[in-house]
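The next block is start27.pdb, given as PDB, C-alpha atoms and all ligand atoms.
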```
ATOM      1  CA  MET A   1       0.000   0.000   0.000  1.00  0.00           C
ATOM      2  CA  THR A   2       1.328   3.452  -0.869  1.00  0.00           C
ATOM      3  CA  ARG A   3       1.732   5.586   2.225  1.00  0.00           C
ATOM      4  CA  ALA A   4       2.405   9.238   2.860  1.00  0.00           C
ATOM      5  CA  ARG A   5       6.067  10.186   2.671  1.00  0.00           C
ATOM      6  CA  PRO A   6       7.627  10.428   6.151  1.00  0.00           C
ATOM      7  CA  LEU A   7       8.244  13.973   7.365  1.00  0.00           C
ATOM      8  CA  ALA A   8      10.278  15.289  10.281  1.00  0.00           C
ATOM      9  CA  ALA A   9       9.195  18.882  10.855  1.00  0.00           C
ATOM     10  CA  GLY A  10      10.877  21.193  13.340  1.00  0.00           C
ATOM     11  CA  ASN A  11       9.071  24.151  14.869  1.00  0.00           C
ATOM     12  CA  TRP A  12      11.577  26.586  16.314  1.00  0.00           C
ATOM     13  CA  LYS A  13       8.800  28.875  17.623  1.00  0.00           C
ATOM     14  CA  MET A  14      10.167  32.250  18.804  1.00  0.00           C
ATOM     15  CA  HIS A  15      13.716  30.945  19.139  1.00  0.00           C
ATOM     16  CA  GLY A  16      16.622  31.554  16.818  1.00  0.00           C
ATOM     17  CA  THR A  17      18.956  34.309  15.731  1.00  0.00           C
ATOM     18  CA  SER A  18      21.973  34.283  13.458  1.00  0.00           C
ATOM     19  CA  SER A  19      23.984  32.540  16.176  1.00  0.00           C
ATOM     20  CA  ASP A  20      21.769  29.472  15.657  1.00  0.00           C
ATOM     21  CA  LEU A  21      22.532  29.119  11.958  1.00  0.00           C
ATOM     22  CA  GLY A  22      25.308  26.635  12.817  1.00  0.00           C
ATOM     23  CA  ASN A  23      22.746  24.329  14.435  1.00  0.00           C
ATOM     24  CA  LEU A  24      20.529  24.725  11.414  1.00  0.00           C
ATOM     25  CA  SER A  25      23.364  23.783   9.055  1.00  0.00           C
ATOM     26  CA  ALA A  26      24.178  20.694  11.116  1.00  0.00           C
ATOM     27  CA  ILE A  27      20.546  19.561  10.922  1.00  0.00           C
ATOM     28  CA  ALA A  28      20.548  20.312   7.183  1.00  0.00           C
ATOM     29  CA  ALA A  29      23.648  18.158   6.673  1.00  0.00           C
ATOM     30  CA  SER A  30      21.962  15.191   8.379  1.00  0.00           C
ATOM     31  CA  ALA A  31      18.764  15.778   6.429  1.00  0.00           C
ATOM     32  CA  LYS A  32      20.742  15.398   3.217  1.00  0.00           C
ATOM     33  CA  GLU A  33      22.032  12.007   4.361  1.00  0.00           C
ATOM     34  CA  LEU A  34      18.574  10.732   5.333  1.00  0.00           C
ATOM     35  CA  ALA A  35      17.184  10.406   1.833  1.00  0.00           C
ATOM     36  CA  THR A  36      14.201   8.235   2.775  1.00  0.00           C
ATOM     37  CA  ILE A  37      12.487  10.948   4.805  1.00  0.00           C
ATOM     38  CA  ASP A  38      11.720  14.622   4.268  1.00  0.00           C
ATOM     39  CA  THR A  39      12.833  17.235   6.779  1.00  0.00           C
ATOM     40  CA  VAL A  40      11.515  20.775   7.102  1.00  0.00           C
ATOM     41  CA  LEU A  41      12.560  23.399   9.626  1.00  0.00           C
ATOM     42  CA  CYS A  42       9.952  26.021  10.477  1.00  0.00           C
ATOM     43  CA  VAL A  43      12.241  28.730  11.751  1.00  0.00           C
ATOM     44  CA  PRO A  44      11.535  32.369  12.632  1.00  0.00           C
ATOM     45  CA  ALA A  45      10.747  34.295   9.447  1.00  0.00           C
ATOM     46  CA  THR A  46      13.881  36.398   9.955  1.00  0.00           C
ATOM     47  CA  LEU A  47      16.061  33.305   9.446  1.00  0.00           C
ATOM     48  CA  ILE A  48      14.415  31.846   6.350  1.00  0.00           C
ATOM     49  CA  ASP A  49      16.337  33.820   3.772  1.00  0.00           C
ATOM     50  CA  ARG A  50      19.596  33.373   5.675  1.00  0.00           C
ATOM     51  CA  ALA A  51      19.060  29.608   5.917  1.00  0.00           C
ATOM     52  CA  ARG A  52      18.294  29.028   2.255  1.00  0.00           C
ATOM     53  CA  GLY A  53      21.191  27.347   0.575  1.00  0.00           C
ATOM     54  CA  THR A  54      21.736  24.963   3.482  1.00  0.00           C
ATOM     55  CA  GLY A  55      19.684  22.458   1.479  1.00  0.00           C
ATOM     56  CA  VAL A  56      17.065  21.743   4.141  1.00  0.00           C
ATOM     57  CA  ALA A  57      13.442  22.648   3.377  1.00  0.00           C
ATOM     58  CA  LEU A  58      12.257  25.690   5.336  1.00  0.00           C
ATOM     59  CA  GLY A  59       8.899  26.783   6.622  1.00  0.00           C
ATOM     60  CA  GLY A  60       7.186  29.701   8.299  1.00  0.00           C
ATOM     61  CA  GLN A  61       5.201  29.311  11.516  1.00  0.00           C
ATOM     62  CA  ASP A  62       2.151  31.354  10.544  1.00  0.00           C
ATOM     63  CA  CYS A  63       0.966  33.518   7.662  1.00  0.00           C
ATOM     64  CA  HIS A  64      -1.718  36.083   6.985  1.00  0.00           C
ATOM     65  CA  ALA A  65      -4.734  35.071   4.946  1.00  0.00           C
ATOM     66  CA  ASN A  66      -3.948  37.767   2.369  1.00  0.00           C
ATOM     67  CA  ALA A  67      -1.007  37.998  -0.010  1.00  0.00           C
ATOM     68  CA  ALA A  68      -0.469  41.705   0.733  1.00  0.00           C
ATOM     69  CA  GLY A  69      -2.205  44.617   2.386  1.00  0.00           C
ATOM     70  CA  ALA A  70      -2.454  47.000   5.324  1.00  0.00           C
ATOM     71  CA  HIS A  71      -1.726  44.500   8.105  1.00  0.00           C
ATOM     72  CA  THR A  72       1.069  45.914  10.226  1.00  0.00           C
ATOM     73  CA  GLY A  73       3.349  43.284  11.676  1.00  0.00           C
ATOM     74  CA  ASP A  74       1.902  40.343   9.749  1.00  0.00           C
ATOM     75  CA  ILE A  75       3.709  38.223   7.215  1.00  0.00           C
ATOM     76  CA  SER A  76       2.121  36.983   4.018  1.00  0.00           C
ATOM     77  CA  PRO A  77       2.578  33.547   2.514  1.00  0.00           C
ATOM     78  CA  LEU A  78       3.940  35.215  -0.603  1.00  0.00           C
ATOM     79  CA  MET A  79       6.697  36.788   1.510  1.00  0.00           C
ATOM     80  CA  LEU A  80       7.545  33.444   3.106  1.00  0.00           C
ATOM     81  CA  ALA A  81       7.761  31.800  -0.305  1.00  0.00           C
ATOM     82  CA  ASP A  82       9.857  34.679  -1.608  1.00  0.00           C
ATOM     83  CA  ALA A  83      12.260  34.275   1.328  1.00  0.00           C
ATOM     84  CA  GLY A  84      12.739  30.580   0.517  1.00  0.00           C
ATOM     85  CA  ALA A  85      10.026  28.719   2.441  1.00  0.00           C
ATOM     86  CA  SER A  86       8.239  25.695   1.007  1.00  0.00           C
ATOM     87  CA  HIS A  87       5.930  25.119   4.004  1.00  0.00           C
ATOM     88  CA  VAL A  88       4.031  27.105   6.598  1.00  0.00           C
ATOM     89  CA  ILE A  89       2.433  25.996   9.867  1.00  0.00           C
ATOM     90  CA  VAL A  90      -1.135  27.251  10.282  1.00  0.00           C
ATOM     91  CA  GLY A  91      -3.421  26.881  13.279  1.00  0.00           C
ATOM     92  CA  HIS A  92      -0.766  25.977  15.837  1.00  0.00           C
ATOM     93  CA  SER A  93      -2.421  25.906  19.264  1.00  0.00           C
ATOM     94  CA  GLU A  94      -0.204  28.783  20.414  1.00  0.00           C
ATOM     95  CA  ARG A  95      -1.646  30.896  17.573  1.00  0.00           C
ATOM     96  CA  ARG A  96      -5.166  29.703  18.346  1.00  0.00           C
ATOM     97  CA  THR A  97      -4.701  30.654  22.025  1.00  0.00           C
ATOM     98  CA  ASP A  98      -2.481  33.753  21.837  1.00  0.00           C
ATOM     99  CA  HIS A  99      -4.174  35.289  18.797  1.00  0.00           C
ATOM    100  CA  GLY A 100      -7.702  33.918  19.009  1.00  0.00           C
ATOM    101  CA  GLU A 101      -7.496  32.093  15.686  1.00  0.00           C
ATOM    102  CA  ASP A 102     -10.514  29.923  14.998  1.00  0.00           C
ATOM    103  CA  ASN A 103     -10.947  27.075  12.556  1.00  0.00           C
ATOM    104  CA  ALA A 104     -12.312  29.335   9.806  1.00  0.00           C
ATOM    105  CA  THR A 105      -9.271  31.629  10.098  1.00  0.00           C
ATOM    106  CA  VAL A 106      -6.999  28.617   9.897  1.00  0.00           C
ATOM    107  CA  ALA A 107      -8.739  27.468   6.705  1.00  0.00           C
ATOM    108  CA  SER A 108      -8.282  30.937   5.140  1.00  0.00           C
ATOM    109  CA  LYS A 109      -4.605  30.831   5.994  1.00  0.00           C
ATOM    110  CA  ALA A 110      -4.254  27.359   4.465  1.00  0.00           C
ATOM    111  CA  ARG A 111      -5.873  28.608   1.244  1.00  0.00           C
ATOM    112  CA  ALA A 112      -3.566  31.625   1.210  1.00  0.00           C
ATOM    113  CA  ALA A 113      -0.564  29.357   1.738  1.00  0.00           C
ATOM    114  CA  TRP A 114      -1.594  27.266  -1.256  1.00  0.00           C
ATOM    115  CA  GLY A 115      -2.035  30.441  -3.299  1.00  0.00           C
ATOM    116  CA  ALA A 116       1.635  31.193  -2.684  1.00  0.00           C
ATOM    117  CA  GLY A 117       2.672  27.648  -3.558  1.00  0.00           C
ATOM    118  CA  LEU A 118       3.356  26.624   0.042  1.00  0.00           C
ATOM    119  CA  VAL A 119       2.449  23.366   1.755  1.00  0.00           C
ATOM    120  CA  ALA A 120       0.140  24.123   4.698  1.00  0.00           C
ATOM    121  CA  VAL A 121       0.935  22.235   7.905  1.00  0.00           C
ATOM    122  CA  ILE A 122      -2.494  22.429   9.550  1.00  0.00           C
ATOM    123  CA  CYS A 123      -2.445  21.824  13.316  1.00  0.00           C
ATOM    124  CA  ILE A 124      -5.291  20.368  15.340  1.00  0.00           C
ATOM    125  CA  GLY A 125      -5.471  19.088  18.893  1.00  0.00           C
ATOM    126  CA  GLU A 126      -7.631  18.827  21.988  1.00  0.00           C
ATOM    127  CA  THR A 127      -7.128  20.616  25.300  1.00  0.00           C
ATOM    128  CA  GLU A 128      -6.498  18.746  28.518  1.00  0.00           C
ATOM    129  CA  ALA A 129     -10.108  19.276  29.641  1.00  0.00           C
ATOM    130  CA  GLU A 130     -11.412  17.890  26.341  1.00  0.00           C
ATOM    131  CA  TYR A 131      -9.050  14.925  26.623  1.00  0.00           C
ATOM    132  CA  ARG A 132     -10.173  14.187  30.178  1.00  0.00           C
ATOM    133  CA  ALA A 133     -13.822  14.432  29.141  1.00  0.00           C
ATOM    134  CA  GLY A 134     -13.241  11.822  26.423  1.00  0.00           C
ATOM    135  CA  ASP A 135     -14.050  14.371  23.715  1.00  0.00           C
ATOM    136  CA  THR A 136     -10.795  14.096  21.743  1.00  0.00           C
ATOM    137  CA  LEU A 137     -12.187  12.531  18.573  1.00  0.00           C
ATOM    138  CA  SER A 138     -15.236  14.777  18.341  1.00  0.00           C
ATOM    139  CA  VAL A 139     -13.113  17.900  18.905  1.00  0.00           C
ATOM    140  CA  LEU A 140     -10.666  16.792  16.206  1.00  0.00           C
ATOM    141  CA  ARG A 141     -13.478  15.978  13.785  1.00  0.00           C
ATOM    142  CA  SER A 142     -14.901  19.479  14.053  1.00  0.00           C
ATOM    143  CA  GLN A 143     -11.458  21.069  13.782  1.00  0.00           C
ATOM    144  CA  LEU A 144     -10.721  19.021  10.651  1.00  0.00           C
ATOM    145  CA  ALA A 145     -14.109  19.768   9.104  1.00  0.00           C
ATOM    146  CA  VAL A 146     -13.591  23.533   9.241  1.00  0.00           C
ATOM    147  CA  SER A 147      -9.796  24.083   9.293  1.00  0.00           C
ATOM    148  CA  VAL A 148      -9.039  21.833   6.337  1.00  0.00           C
ATOM    149  CA  PRO A 149     -10.460  23.244   3.095  1.00  0.00           C
ATOM    150  CA  ASP A 150     -11.919  20.901   0.465  1.00  0.00           C
ATOM    151  CA  ALA A 151      -9.001  21.497  -1.901  1.00  0.00           C
ATOM    152  CA  ALA A 152      -6.546  19.861   0.521  1.00  0.00           C
ATOM    153  CA  SER A 153      -4.427  17.187  -1.143  1.00  0.00           C
ATOM    154  CA  PRO A 154      -1.347  15.123  -0.354  1.00  0.00           C
ATOM    155  CA  SER A 155       0.808  17.610  -2.274  1.00  0.00           C
ATOM    156  CA  ASN A 156      -0.394  20.786  -0.554  1.00  0.00           C
ATOM    157  CA  THR A 157      -1.271  19.706   2.998  1.00  0.00           C
ATOM    158  CA  VAL A 158       0.187  18.055   6.084  1.00  0.00           C
ATOM    159  CA  ILE A 159      -1.914  17.504   9.214  1.00  0.00           C
ATOM    160  CA  ALA A 160      -0.237  17.762  12.611  1.00  0.00           C
ATOM    161  CA  TYR A 161      -2.079  16.246  15.554  1.00  0.00           C
ATOM    162  CA  GLU A 162      -0.815  18.037  18.637  1.00  0.00           C
ATOM    163  CA  PRO A 163      -2.661  17.509  21.930  1.00  0.00           C
ATOM    164  CA  VAL A 164      -2.477  20.965  23.505  1.00  0.00           C
ATOM    165  CA  TRP A 165      -1.607  19.451  26.880  1.00  0.00           C
ATOM    166  CA  ALA A 166       1.320  17.526  25.394  1.00  0.00           C
ATOM    167  CA  ILE A 167       3.039  20.576  23.900  1.00  0.00           C
ATOM    168  CA  GLY A 168       6.148  21.522  25.839  1.00  0.00           C
ATOM    169  CA  SER A 169       4.938  19.564  28.887  1.00  0.00           C
ATOM    170  CA  GLY A 170       6.939  16.363  28.627  1.00  0.00           C
ATOM    171  CA  LEU A 171       3.613  14.482  28.614  1.00  0.00           C
ATOM    172  CA  THR A 172       2.291  12.436  25.713  1.00  0.00           C
ATOM    173  CA  PRO A 173      -0.818  10.336  25.218  1.00  0.00           C
ATOM    174  CA  GLU A 174      -0.379   6.564  25.543  1.00  0.00           C
ATOM    175  CA  LEU A 175       0.860   4.983  22.306  1.00  0.00           C
ATOM    176  CA  PRO A 176      -2.459   3.194  21.562  1.00  0.00           C
ATOM    177  CA  GLU A 177      -4.259   6.513  22.038  1.00  0.00           C
ATOM    178  CA  ILE A 178      -1.996   8.185  19.466  1.00  0.00           C
ATOM    179  CA  GLN A 179      -2.569   5.348  17.004  1.00  0.00           C
ATOM    180  CA  THR A 180      -6.352   5.466  17.484  1.00  0.00           C
ATOM    181  CA  VAL A 181      -6.442   9.209  16.888  1.00  0.00           C
ATOM    182  CA  HIS A 182      -4.195   9.033  13.831  1.00  0.00           C
ATOM    183  CA  ALA A 183      -6.219   6.208  12.307  1.00  0.00           C
ATOM    184  CA  ALA A 184      -9.396   8.237  12.839  1.00  0.00           C
ATOM    185  CA  ILE A 185      -7.833  11.328  11.251  1.00  0.00           C
ATOM    186  CA  ARG A 186      -6.690   9.321   8.233  1.00  0.00           C
ATOM    187  CA  GLU A 187     -10.088   7.689   7.891  1.00  0.00           C
ATOM    188  CA  GLY A 188     -11.792  11.085   7.983  1.00  0.00           C
ATOM    189  CA  LEU A 189      -9.437  12.574   5.403  1.00  0.00           C
ATOM    190  CA  SER A 190      -9.780   9.551   3.163  1.00  0.00           C
ATOM    191  CA  ALA A 191     -13.587   9.590   3.308  1.00  0.00           C
ATOM    192  CA  ARG A 192     -13.750  13.283   2.500  1.00  0.00           C
ATOM    193  CA  LEU A 193     -10.911  14.061   0.084  1.00  0.00           C
ATOM    194  CA  PRO A 194      -9.596  12.331  -3.031  1.00  0.00           C
ATOM    195  CA  GLY A 195      -6.229  10.868  -2.030  1.00  0.00           C
ATOM    196  CA  GLY A 196      -6.914  11.931   1.549  1.00  0.00           C
ATOM    197  CA  GLU A 197      -5.302   8.777   2.911  1.00  0.00           C
ATOM    198  CA  LEU A 198      -1.960   9.972   1.505  1.00  0.00           C
ATOM    199  CA  ILE A 199      -1.968  13.292   3.364  1.00  0.00           C
ATOM    200  CA  PRO A 200       0.850  12.979   5.925  1.00  0.00           C
ATOM    201  CA  VAL A 201      -0.424  12.945   9.516  1.00  0.00           C
ATOM    202  CA  LEU A 202       2.283  14.026  11.980  1.00  0.00           C
ATOM    203  CA  TYR A 203       2.227  13.640  15.740  1.00  0.00           C
ATOM    204  CA  GLY A 204       3.440  16.612  17.797  1.00  0.00           C
ATOM    205  CA  GLY A 205       3.784  17.262  21.517  1.00  0.00           C
ATOM    206  CA  SER A 206       6.889  16.389  23.553  1.00  0.00           C
ATOM    207  CA  VAL A 207       8.532  14.233  20.886  1.00  0.00           C
ATOM    208  CA  LYS A 208      12.062  13.459  22.119  1.00  0.00           C
ATOM    209  CA  PRO A 209      14.854  11.096  21.067  1.00  0.00           C
ATOM    210  CA  ALA A 210      13.723   8.739  23.853  1.00  0.00           C
ATOM    211  CA  ASN A 211      10.125   8.321  22.631  1.00  0.00           C
ATOM    212  CA  ALA A 212      10.525   8.944  18.895  1.00  0.00           C
ATOM    213  CA  ASP A 213      11.009   5.313  17.802  1.00  0.00           C
ATOM    214  CA  ASN A 214       7.910   4.137  19.666  1.00  0.00           C
ATOM    215  CA  ILE A 215       5.750   6.958  18.323  1.00  0.00           C
ATOM    216  CA  PHE A 216       6.993   6.665  14.723  1.00  0.00           C
ATOM    217  CA  ALA A 217       6.511   2.897  14.774  1.00  0.00           C
ATOM    218  CA  LEU A 218       2.740   3.423  15.064  1.00  0.00           C
ATOM    219  CA  PRO A 219       1.186   2.509  11.709  1.00  0.00           C
ATOM    220  CA  ASP A 220      -0.718   5.757  11.137  1.00  0.00           C
ATOM    221  CA  VAL A 221       1.977   8.193  12.312  1.00  0.00           C
ATOM    222  CA  ASP A 222       3.830   9.559   9.260  1.00  0.00           C
ATOM    223  CA  GLY A 223       6.275  11.738  11.168  1.00  0.00           C
ATOM    224  CA  GLY A 224       6.530  14.405  13.815  1.00  0.00           C
ATOM    225  CA  LEU A 225       6.147  18.115  14.411  1.00  0.00           C
ATOM    226  CA  VAL A 226       8.839  18.785  16.975  1.00  0.00           C
ATOM    227  CA  GLY A 227       9.216  21.952  19.024  1.00  0.00           C
ATOM    228  CA  GLY A 228      11.802  22.106  21.808  1.00  0.00           C
ATOM    229  CA  ALA A 229      13.771  19.101  20.597  1.00  0.00           C
ATOM    230  CA  SER A 230      14.190  20.556  17.087  1.00  0.00           C
ATOM    231  CA  LEU A 231      16.414  23.410  18.239  1.00  0.00           C
ATOM    232  CA  SER A 232      19.577  21.413  18.590  1.00  0.00           C
ATOM    233  CA  PRO A 233      21.034  18.784  16.257  1.00  0.00           C
ATOM    234  CA  ALA A 234      21.884  16.659  19.321  1.00  0.00           C
ATOM    235  CA  ASP A 235      18.143  16.100  19.850  1.00  0.00           C
ATOM    236  CA  PHE A 236      16.622  16.563  16.411  1.00  0.00           C
ATOM    237  CA  VAL A 237      19.012  14.404  14.382  1.00  0.00           C
ATOM    238  CA  PRO A 238      18.282  11.282  16.514  1.00  0.00           C
ATOM    239  CA  ILE A 239      14.560  12.011  16.017  1.00  0.00           C
ATOM    240  CA  MET A 240      15.057  12.236  12.246  1.00  0.00           C
ATOM    241  CA  GLN A 241      17.047   8.990  12.371  1.00  0.00           C
ATOM    242  CA  ALA A 242      14.271   7.312  14.352  1.00  0.00           C
ATOM    243  CA  LEU A 243      11.791   8.315  11.643  1.00  0.00           C
ATOM    244  CA  ALA A 244      14.079   6.939   8.929  1.00  0.00           C
ATOM    245  CA  ARG A 245      14.387   3.680  10.886  1.00  0.00           C
ATOM    246  CA  GLN A 246      10.670   3.297  11.432  1.00  0.00           C
ATOM    247  CA  LYS A 247       9.215   4.698   8.224  1.00  0.00           C
ATOM    248  CA  GLY A 248      12.109   5.053   5.768  1.00  0.00           C
ATOM    249  CA  ASN A 249      10.830   2.213   3.606  1.00  0.00           C
ATOM    250  CA  GLN A 250       7.222   3.403   3.657  1.00  0.00           C
ATOM    251  CA  ALA A 251       6.792   5.665   0.639  1.00  0.00           C
TER
HETATM  252  P1  LIG B 301       7.150  20.439  21.751  1.00  0.00           P
HETATM  253  O1  LIG B 301       6.282  21.378  20.785  1.00  0.00           O
HETATM  254  O2  LIG B 301       7.819  19.402  20.887  1.00  0.00           O
HETATM  255  O3  LIG B 301       8.134  21.376  22.405  1.00  0.00           O
HETATM  256  O4  LIG B 301       6.208  19.821  22.723  1.00  0.00           O
HETATM  257  C1  LIG B 301       5.615  20.856  19.679  1.00  0.00           C
HETATM  258  C2  LIG B 301       4.909  21.965  18.939  1.00  0.00           C
HETATM  259  O5  LIG B 301       4.353  22.860  19.582  1.00  0.00           O
HETATM  260  O6  LIG B 301       4.886  21.993  17.686  1.00  0.00           O
END
```
Mind turning the file's structure into structure tokens?
Amino acid sequence: MTRARPLAAGNWKMHGTSSDLGNLSAIAASAKELATIDTVLCVPATLIDRARGTGVALGGQDCHANAAGAHTGDISPLMLADAGASHVIVGHSERRTDHGEDNATVASKARAAWGAGLVAVICIGETEAEYRAGDTLSVLRSQLAVSVPDAASPSNTVIAYEPVWAIGSGLTPELPEIQTVHAAIREGLSARLPGGELIPVLYGGSVKPANADNIFALPDVDGGLVGGASLSPADFVPIMQALARQKGNQA
């Protein structure tokens, strides 16, 4: 069966200045060696242009829903693409919380990303209260229904499942819980979109070298969206290697 191509995505969040370009180059060098997986680093927008040429794919962490306009302080997908990005994260829970972004906004941003030729990495995930109430799958279903536009395809979209309570906390769901959620996401995408089963579904939230093999071994996990552990090659390269070990023969 053809599967989505494995993807190790790093999310540097609001970390990174020119002094971190050495770390970025080291990650890029390993990415080149790991030919059976894709790697993308979503770095601060100020680093994208300076990191192009390292060979690793680059992404933004958010974009405006318009290509240009009177929106002080925002960055457009066109600008990210122009700087050298191929991807952009939309709907990260920190954006949803800090900036009040709802599912409809996330969908507009995904469409704008596509308009600029970028792959949209659309994030979904339940809060701790929703998890405890047993509402995870219904929350994710409604997020997917509205945040993922109908034109989503395996070539323009990646889904990242990130339980809000697992982000930066050192906590993760149990492995069978992750598999159940990923299988449900894939089933939903496949039922709704042509080729939906080939849209990569990443797990994110406290992925570390120590848990990466177990998480990536799950059949419906196609890779990871990694925050804290993507900042240094000492952590991120072993995670990339774990993905290559577990899923390198998948595509
Ligand atoms: P974390 O963050 O790996 O530091 O938990 C993941 C994310 O927010 O994308």
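The residues returned by the PyMOL selection byres (((not hetatm)) within 8 of (chain B and resi 301)) for this structure are Gly10, Asn11, Lys13, His92, Ser93, Glu94, Glu162, Ala166, Ile167, Gly168, Ser169, Gly170, Gly204, Gly205, Ser206, Val207, Lys208, Leu225, Val226, Gly227, Gly228, Ala229 and Ser230 of chain A.
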Minimum-distance residue to Leu34 (chain A), chosen among A:Arg245, A:Val158, A:Pro219, A:Gln250 (using all atoms listed in the file):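 Of all the options, A:Arg245 lies closest to Leu34 (chain A).
Picked out by the PyMOL selection byres (((chain A and resi 200) around 6) and not hetatm) when it runs on this file: Ala4, Val158, Ile199, Val201 and Asp222 of chain A.
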Coordinates-based distance that separates CA of Val121 (chain A) from CA of Gly16 (chain A) (Å, one decimal): 20.3 Å
Give me the result of the PyMOL selection byres (((chain A and resi 127) around 12) and not hetatm) on this file, residue by residue, as a short mmCIF file (atom, residue, chain, number, x, y, z; two decimals) with C-alpha atoms, in the frame of the given file.
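Dumped everything to selection27.cif:
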```cif
data_model
loop_
_atom_site.label_atom_id
_atom_site.label_comp_id
_atom_site.auth_asym_id
_atom_site.auth_seq_id
_atom_site.Cartn_x
_atom_site.Cartn_y
_atom_site.Cartn_z
CA SER A 93 -2.42 25.91 19.26
CA GLU A 94 -0.20 28.78 20.41
CA ARG A 96 -5.17 29.70 18.35
CA THR A 97 -4.70 30.65 22.02
CA ILE A 124 -5.29 20.37 15.34
CA GLY A 125 -5.47 19.09 18.89
CA GLU A 126 -7.63 18.83 21.99
CA GLU A 128 -6.50 18.75 28.52
CA ALA A 129 -10.11 19.28 29.64
CA GLU A 130 -11.41 17.89 26.34
CA TYR A 131 -9.05 14.92 26.62
CA ARG A 132 -10.17 14.19 30.18
CA ALA A 133 -13.82 14.43 29.14
CA GLY A 134 -13.24 11.82 26.42
CA ASP A 135 -14.05 14.37 23.72
CA THR A 136 -10.80 14.10 21.74
CA LEU A 137 -12.19 12.53 18.57
CA VAL A 139 -13.11 17.90 18.90
CA LEU A 140 -10.67 16.79 16.21
CA TYR A 161 -2.08 16.25 15.55
CA GLU A 162 -0.82 18.04 18.64
CA PRO A 163 -2.66 17.51 21.93
CA VAL A 164 -2.48 20.96 23.50
CA TRP A 165 -1.61 19.45 26.88
CA ALA A 166 1.32 17.53 25.39
CA ILE A 167 3.04 20.58 23.90
#
```
Best match for closeness to Met14 (chain A) among A:Leu231, A:Val146, A:Leu175, A:Val106, counting all atoms listed in the file: A:Leu231
Report, as AutoDock Vina command-line options, the centre and edge lengths in Å (one decimal) of the axis-aligned box enclosing every listed atom of region 4-20 of chain A, padded by 8 Å on each side.
```
--center_x 13.2 --center_y 21.8 --center_z 10.9 --size_x 37.6 --size_y 41.1 --size_z 32.5
```
Contact residues around Asp20 (chain A) with all atoms listed in the file at 12 Å, ignoring same-chain residues under 6 positions, as a CSV table (one decimal) with C-alpha atoms, in the coordinates of the input:
```csv
chain,number,residue,atom,x,y,z
A,12,TRP,CA,11.6,26.6,16.3
A,26,ALA,CA,24.2,20.7,11.1
A,27,ILE,CA,20.5,19.6,10.9
A,43,VAL,CA,12.2,28.7,11.8
A,44,PRO,CA,11.5,32.4,12.6
A,46,THR,CA,13.9,36.4,10.0
A,47,LEU,CA,16.1,33.3,9.4
A,50,ARG,CA,19.6,33.4,5.7
A,51,ALA,CA,19.1,29.6,5.9
A,230,SER,CA,14.2,20.6,17.1
A,231,LEU,CA,16.4,23.4,18.2
A,232,SER,CA,19.6,21.4,18.6
A,233,PRO,CA,21.0,18.8,16.3
```
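If you look at CA of Arg3 (chain A) and CA of Thr157 (chain A), they are 14.5 Å away from each other.
When only C-alpha atoms are used to compute distances to Asp235 (chain A), the closest of the residues A:Arg52, A:Gly115, A:Ser86, A:Asn23 turns out to be A:Asn23.
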Shortest interatomic distance to Gly196 (chain A) - which of A:Gly248, A:Arg111, A:His64, A:Val148, counting all atoms listed in the file: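 Ranking A:Gly248, A:Arg111, A:His64, A:Val148 by distance to Gly196 (chain A), first place goes to A:Val148.
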Residue nearest Pro176 (chain A) among A:Leu21, A:Ala217, A:Ala152, A:Leu118 (counting all atoms listed in the file):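 Checking each candidate against Pro176 (chain A), we get A:Ala217 as the closest.
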Selected residue of minimal separation from Leu58 (chain A) among A:Arg141, A:Lys247, A:Arg192, A:His87, counting all atoms listed in the file: A:His87
Pairwise distance for CA of Ala45 (chain A) and CA of Gly60 (chain A), rounded to one decimal in Å: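 Computed distance, CA of Ala45 (chain A) to CA of Gly60 (chain A), equals 5.9 Å.
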